[in-house]
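I have placed the structure first, in the form of structure tokens, so that the comments after it can refer back to it.
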Amino acid sequence: MFATEEYALPILRPLAAAAKARGQEVGWIVPDAVAAQLAPGERRVTSLKAAKAMQPEAVYCAANWVSPRLPGIKVQVFHGFNAEKREPGRGHFAIRGFFDLYVTQGPATTEPFEALAKEHRYFAVRETGWPKLDPLFIQPPPPRDPAIPERDGRPVVMYASTFSHRLSAAPAMVEPLRTMIARGDRRWLLTLHPKCSDELFAAYRGLEAENARFFTSDKLIELERAADVLVCDTSSVIHEFAVMNKPVVTIANRVPHPFMLDVPAPDDVDAAIDRALSHPPELMAAIRAHADHIHPSHDGHASERVLDAVAAYQRGSFGKLARKPLNLIRRYKASRDLPALLPDGA
């Protein structure tokens with residue numbers, strides 16, 4: 001499991017659990033900051049020698065790069081849905097020449113990546129669903145996280161934000177949130193992207209009260225499961241939440257869509273939450289259509305399908321592929337950055 005950021009852990013953990021259930025050995029290649037978040041039993045691989053000794057079938061990546069020096073099939077699992085933070089062709093659909101297999105979330109990603117696969121010819125694509133969302137749909141559902149308050153009849157509102165300064169509403173939302181929290185008619189679950197500033201984290205922790213709790217992003221899936229409505233700006237969390245057919249209020253979203261209740265400013269959020277909680281039929285229909293487009297599978301078994309896709313790749317089921325491009329500059333950068341993840345020798 002190749003994870004350069006903390007937010008990759010909930011993406012890759014369901015996949016690691018599925019691999020272990022099949023009797024496969026799992027190791028984690030992570031920087032020190034992420035290693036501090038590994039659970040007991042999650043083995044960190046700290047050298048290239050140790051990585052090669054494992055003889056891995058695949059390296060599963062929730063990052064946009066991976067070192068070609070690592071053995072095994074390089075599998076792009078994705079770090080999020082396409083939140084349209086950038087112009088088309090930058091970010092989500094950029095092809096960087098590192099990966100052998102892209103396991104896509106739904107038609108919204110499958111169709112463009114299949115077109116790119118035909119163009120470039122050196123990688124394969126298989127629609128599997130996204131491992132991160134397995135805990136949202138697996139049956140029976142996991143037990144409620146004891147850190148999240150039990151329901152008491154009030155609506156539960158989740159607040160999340162991107163870290164991008166030009167797109168984030170988090171600084172401007174501090175005081176409106178304080179006012180809404182003090183009113184006491186809703187429960188609030190607050191979180192921020194792990195790359196947000198220390199000052200912003202301090203401000204949001206300062207909002208904690210009887211009606212509001214702050215959580216780090218490793219609880220994101222649990223928060224999404226517990227909330228009735230999400231308030232956000234421009235983030236892939238919006239799409240994760242909508243997949244559960246639950247409404248989202250967005251603040252000045254970069255590319256608003258019919259499934260969002262988009263408002264221009266923080267002062268408009270309060271009324272929009274009330275409208276979201278009323279579940280207008282046209283809004284809910286738009287949410288369902290969007291969910292079907294980005295992640296139609298709701299069975300909680302995306303991780304197993306990812307493993308099956310790797311097995312199919314090993315069998316040659318995708319046919320003969322072209323050689324990956326040399327990518328000398330990107331290879332150099334990957335080699336330069338790898339020691340941060342393998343401190344005992346890259």
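Labels used: A, B, ... for chains in the order of the structure tokens, numbers from 1 for residues in each chain, and numbers from 1 for ligands as shown.
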Could you build a table of the residues in range 69-117 of chain A lying no more than 10 Å from range 300-304 of chain A, giving for each the nearest pair of atoms and their separation in Å rounded to one decimal place, using only C-alpha atoms, ordered by chain and ascending residue number, as a Markdown table?
| residue | atom | partner | partner_atom | distance |
| --- | --- | --- | --- | --- |
| A:Val77 | CA | A:Ser303 | CA | 9.9 |
| A:Val103 | CA | A:Ala302 | CA | 9.5 |
| A:Thr104 | CA | A:Ala302 | CA | 9.8 |
| A:Gln105 | CA | A:Ala302 | CA | 8.6 |
Please, which residues of range 191-251 of chain A, numbered as in this document, come out strand (DSSP E) from DSSP, as a tab-separated table (two decimals) with N, CA and C atoms, in the first residue's frame?
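Saved result, result_15.tsv, follows:
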chain	number	residue	atom	x	y	z
A	212	ALA	N	-21.62	20.34	19.21
A	212	ALA	CA	-20.66	20.25	18.12
A	212	ALA	C	-19.38	19.56	18.56
A	213	ARG	N	-18.89	18.67	17.70
A	213	ARG	CA	-17.63	17.98	17.95
A	213	ARG	C	-16.73	18.14	16.73
A	214	PHE	N	-15.42	18.28	16.98
A	214	PHE	CA	-14.45	18.35	15.89
A	214	PHE	C	-13.72	17.01	15.77
A	229	VAL	N	-26.94	15.77	6.43
A	229	VAL	CA	-26.64	16.72	5.36
A	229	VAL	C	-25.19	17.16	5.53
A	230	LEU	N	-24.54	17.47	4.43
A	230	LEU	CA	-23.16	17.96	4.43
A	230	LEU	C	-23.14	19.40	3.98
A	231	VAL	N	-22.31	20.21	4.65
A	231	VAL	CA	-22.01	21.57	4.20
A	231	VAL	C	-20.54	21.59	3.81
A	232	CYS	N	-20.24	22.07	2.59
A	232	CYS	CA	-18.87	22.01	2.09
A	232	CYS	C	-18.69	23.11	1.05
A	248	VAL	N	-26.40	17.76	-0.12
A	248	VAL	CA	-25.18	18.53	0.11
A	248	VAL	C	-25.47	20.01	-0.14
A	249	VAL	N	-25.07	20.86	0.82
A	249	VAL	CA	-25.08	22.31	0.65
A	249	VAL	C	-23.65	22.75	0.34
A	250	THR	N	-23.45	23.43	-0.78
A	250	THR	CA	-22.11	23.90	-1.13
A	250	THR	C	-22.06	25.42	-1.11
A	251	ILE	N	-20.86	25.93	-0.82
A	251	ILE	CA	-20.65	27.37	-0.73
A	251	ILE	C	-19.72	27.79	-1.85
request  = Could you find all residues in range 96-294 of chain A that DSSP calls helix (DSSP H, G or I) from the backbone, and write them as a VMD selection string?
outcome  = chain A and resid 107 to 120 131 to 137 170 to 183 198 to 205 217 to 226 237 to 242 266 to 277 281 to 294
request  = Name all residues at most 9 Å from Thr216 in chain A (count only C-alpha atoms; drop same-chain ones fewer than 2 positions away) and give them as a ChimeraX atom specification.
outcome  = /A:190-194,214,218-220
Selection to disk with N, CA and C atoms, as a compact mmCIF listing (two decimals), in the first residue's frame:
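Once everything was written out, this is out-v1.txt:
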# COMPACT_ATOMS: atom_id res chain seq x y z
N LEU A 190 -17.77 18.42 12.78
CA LEU A 190 -16.87 19.31 12.06
C LEU A 190 -15.56 18.61 11.73
N THR A 191 -15.04 18.87 10.54
CA THR A 191 -13.73 18.35 10.17
C THR A 191 -13.09 19.27 9.14
N LEU A 192 -11.78 19.12 8.95
CA LEU A 192 -11.04 19.89 7.96
C LEU A 192 -10.09 18.97 7.22
N HIS A 193 -9.69 19.39 6.05
CA HIS A 193 -8.66 18.67 5.31
C HIS A 193 -7.35 18.72 6.11
N PRO A 194 -6.60 17.62 6.16
CA PRO A 194 -5.38 17.60 6.98
C PRO A 194 -4.33 18.61 6.57
N PHE A 214 -15.42 18.28 16.98
CA PHE A 214 -14.45 18.35 15.89
C PHE A 214 -13.72 17.01 15.77
N ASP A 218 -9.36 11.28 9.60
CA ASP A 218 -9.38 9.82 9.59
C ASP A 218 -10.76 9.27 9.97
N LYS A 219 -11.64 10.14 10.47
CA LYS A 219 -13.01 9.73 10.83
C LYS A 219 -14.01 10.09 9.73
N LEU A 220 -13.52 10.45 8.56
CA LEU A 220 -14.40 10.99 7.53
C LEU A 220 -15.55 10.06 7.18
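Minimum distance to Asp299 in chain A across A:Leu338, A:Pro325, A:Thr128, A:Ala346 (counting only C-alpha atoms) occurs at A:Thr128.
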query = Neighbours of Tyr204 in chain A within 12 Å (only C-alpha atoms; same-chain residues fewer than 4 positions away dropped), as an MDAnalysis selection string?
reply = chainID A and resid 159:161 170:178 181 188:193 196:200 208:209 212:216
task = Mind checking which residues fall within 12 Å of range 40-53 of chain A, counting only C-alpha atoms, ignoring those fewer than 6 positions away in the same chain, and posting them as number ranges by chain?
result = A: 1-3, 9, 12-13, 16-17, 20, 25-32, 34, 59, 67-72, 335, 338-346
Keeping only N, CA and C atoms, write the selected residues to a file as a short mmCIF file (atom, residue, chain, number, x, y, z; two decimals), in the first residue's frame.
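What ended up in out.cif:
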data_model
loop_
_atom_site.label_atom_id
_atom_site.label_comp_id
_atom_site.auth_asym_id
_atom_site.auth_seq_id
_atom_site.Cartn_x
_atom_site.Cartn_y
_atom_site.Cartn_z
N MET A 1 0.85 -1.17 0.00
CA MET A 1 0.00 0.00 0.00
C MET A 1 0.90 1.24 0.00
N PHE A 2 0.73 2.10 -0.98
CA PHE A 2 1.60 3.26 -1.18
C PHE A 2 0.78 4.51 -0.86
N ALA A 3 1.11 5.17 0.25
CA ALA A 3 0.31 6.30 0.73
C ALA A 3 1.22 7.45 1.09
N LEU A 9 -5.10 6.68 4.03
CA LEU A 9 -5.31 5.52 4.91
C LEU A 9 -6.73 4.96 4.80
N LEU A 12 -7.12 3.01 1.46
CA LEU A 12 -6.40 1.75 1.27
C LEU A 12 -6.68 0.70 2.33
N ARG A 13 -7.18 1.11 3.49
CA ARG A 13 -7.40 0.12 4.55
C ARG A 13 -8.42 -0.95 4.18
N ALA A 16 -6.56 -3.32 2.01
CA ALA A 16 -5.62 -4.13 2.78
C ALA A 16 -6.34 -5.25 3.52
N ALA A 17 -7.51 -4.95 4.09
CA ALA A 17 -8.28 -5.96 4.82
C ALA A 17 -8.74 -7.06 3.88
N LYS A 20 -5.73 -9.27 3.04
CA LYS A 20 -5.40 -10.16 4.16
C LYS A 20 -6.41 -11.30 4.26
N GLU A 25 0.00 -11.11 2.01
CA GLU A 25 0.80 -10.28 2.92
C GLU A 25 0.69 -8.83 2.48
N VAL A 26 0.57 -7.91 3.44
CA VAL A 26 0.38 -6.49 3.14
C VAL A 26 1.45 -5.68 3.86
N GLY A 27 2.09 -4.78 3.14
CA GLY A 27 3.02 -3.84 3.72
C GLY A 27 2.65 -2.42 3.31
N TRP A 28 3.06 -1.45 4.11
CA TRP A 28 2.71 -0.05 3.88
C TRP A 28 3.98 0.75 3.63
N ILE A 29 4.00 1.48 2.52
CA ILE A 29 5.08 2.43 2.22
C ILE A 29 4.53 3.82 2.43
N VAL A 30 4.99 4.48 3.49
CA VAL A 30 4.42 5.76 3.92
C VAL A 30 5.52 6.65 4.49
N PRO A 31 5.33 7.97 4.48
CA PRO A 31 6.28 8.86 5.17
C PRO A 31 6.06 8.80 6.68
N ASP A 32 6.98 9.40 7.43
CA ASP A 32 6.92 9.33 8.90
C ASP A 32 5.59 9.84 9.45
N VAL A 34 2.64 9.83 8.20
CA VAL A 34 1.56 8.86 8.00
C VAL A 34 1.83 7.61 8.83
N VAL A 59 1.43 -2.85 -6.31
CA VAL A 59 1.56 -1.69 -5.43
C VAL A 59 0.31 -0.85 -5.65
N SER A 67 7.00 5.09 -7.40
CA SER A 67 8.34 4.86 -7.92
C SER A 67 8.38 3.63 -8.82
N PRO A 68 8.93 3.76 -10.04
CA PRO A 68 9.10 2.58 -10.89
C PRO A 68 10.09 1.57 -10.30
N ARG A 69 10.85 1.96 -9.29
CA ARG A 69 11.82 1.05 -8.68
C ARG A 69 11.15 -0.01 -7.81
N LEU A 70 9.92 0.23 -7.41
CA LEU A 70 9.20 -0.75 -6.61
C LEU A 70 8.72 -1.89 -7.51
N PRO A 71 8.82 -3.13 -7.04
CA PRO A 71 8.36 -4.26 -7.85
C PRO A 71 6.83 -4.37 -7.84
N GLY A 72 6.28 -5.08 -8.83
CA GLY A 72 4.85 -5.35 -8.85
C GLY A 72 4.08 -4.44 -9.80
N SER A 335 12.29 9.02 -7.95
CA SER A 335 13.45 8.50 -7.23
C SER A 335 13.92 9.47 -6.15
N LEU A 338 11.30 9.22 -3.22
CA LEU A 338 11.10 7.92 -2.56
C LEU A 338 11.77 7.80 -1.19
N PRO A 339 12.99 8.36 -0.98
CA PRO A 339 13.61 8.21 0.35
C PRO A 339 12.77 8.74 1.51
N ALA A 340 11.89 9.69 1.26
CA ALA A 340 11.02 10.20 2.33
C ALA A 340 10.04 9.12 2.81
N LEU A 341 9.79 8.12 1.94
CA LEU A 341 8.88 7.04 2.30
C LEU A 341 9.61 5.78 2.72
N LEU A 342 10.87 5.69 2.37
CA LEU A 342 11.67 4.51 2.71
C LEU A 342 12.93 4.98 3.47
N PRO A 343 12.79 5.35 4.72
CA PRO A 343 13.90 6.00 5.43
C PRO A 343 15.13 5.12 5.64
N ASP A 344 14.97 3.79 5.56
CA ASP A 344 16.11 2.91 5.78
C ASP A 344 16.84 2.55 4.50
N GLY A 345 16.44 3.19 3.41
CA GLY A 345 17.18 2.95 2.17
C GLY A 345 16.29 2.81 0.97
N ALA A 346 16.37 3.78 0.05
CA ALA A 346 15.60 3.73 -1.18
C ALA A 346 16.51 3.48 -2.37
#
ask   = Could you name the residues that touch Gly80 in chain A at 9 Å or less, counting only C-alpha atoms, but leaving out those on the same chain fewer than 4 positions away, as a VMD selection string?
value = chain A and resid 11 62 92 130 235 to 237 239 to 240
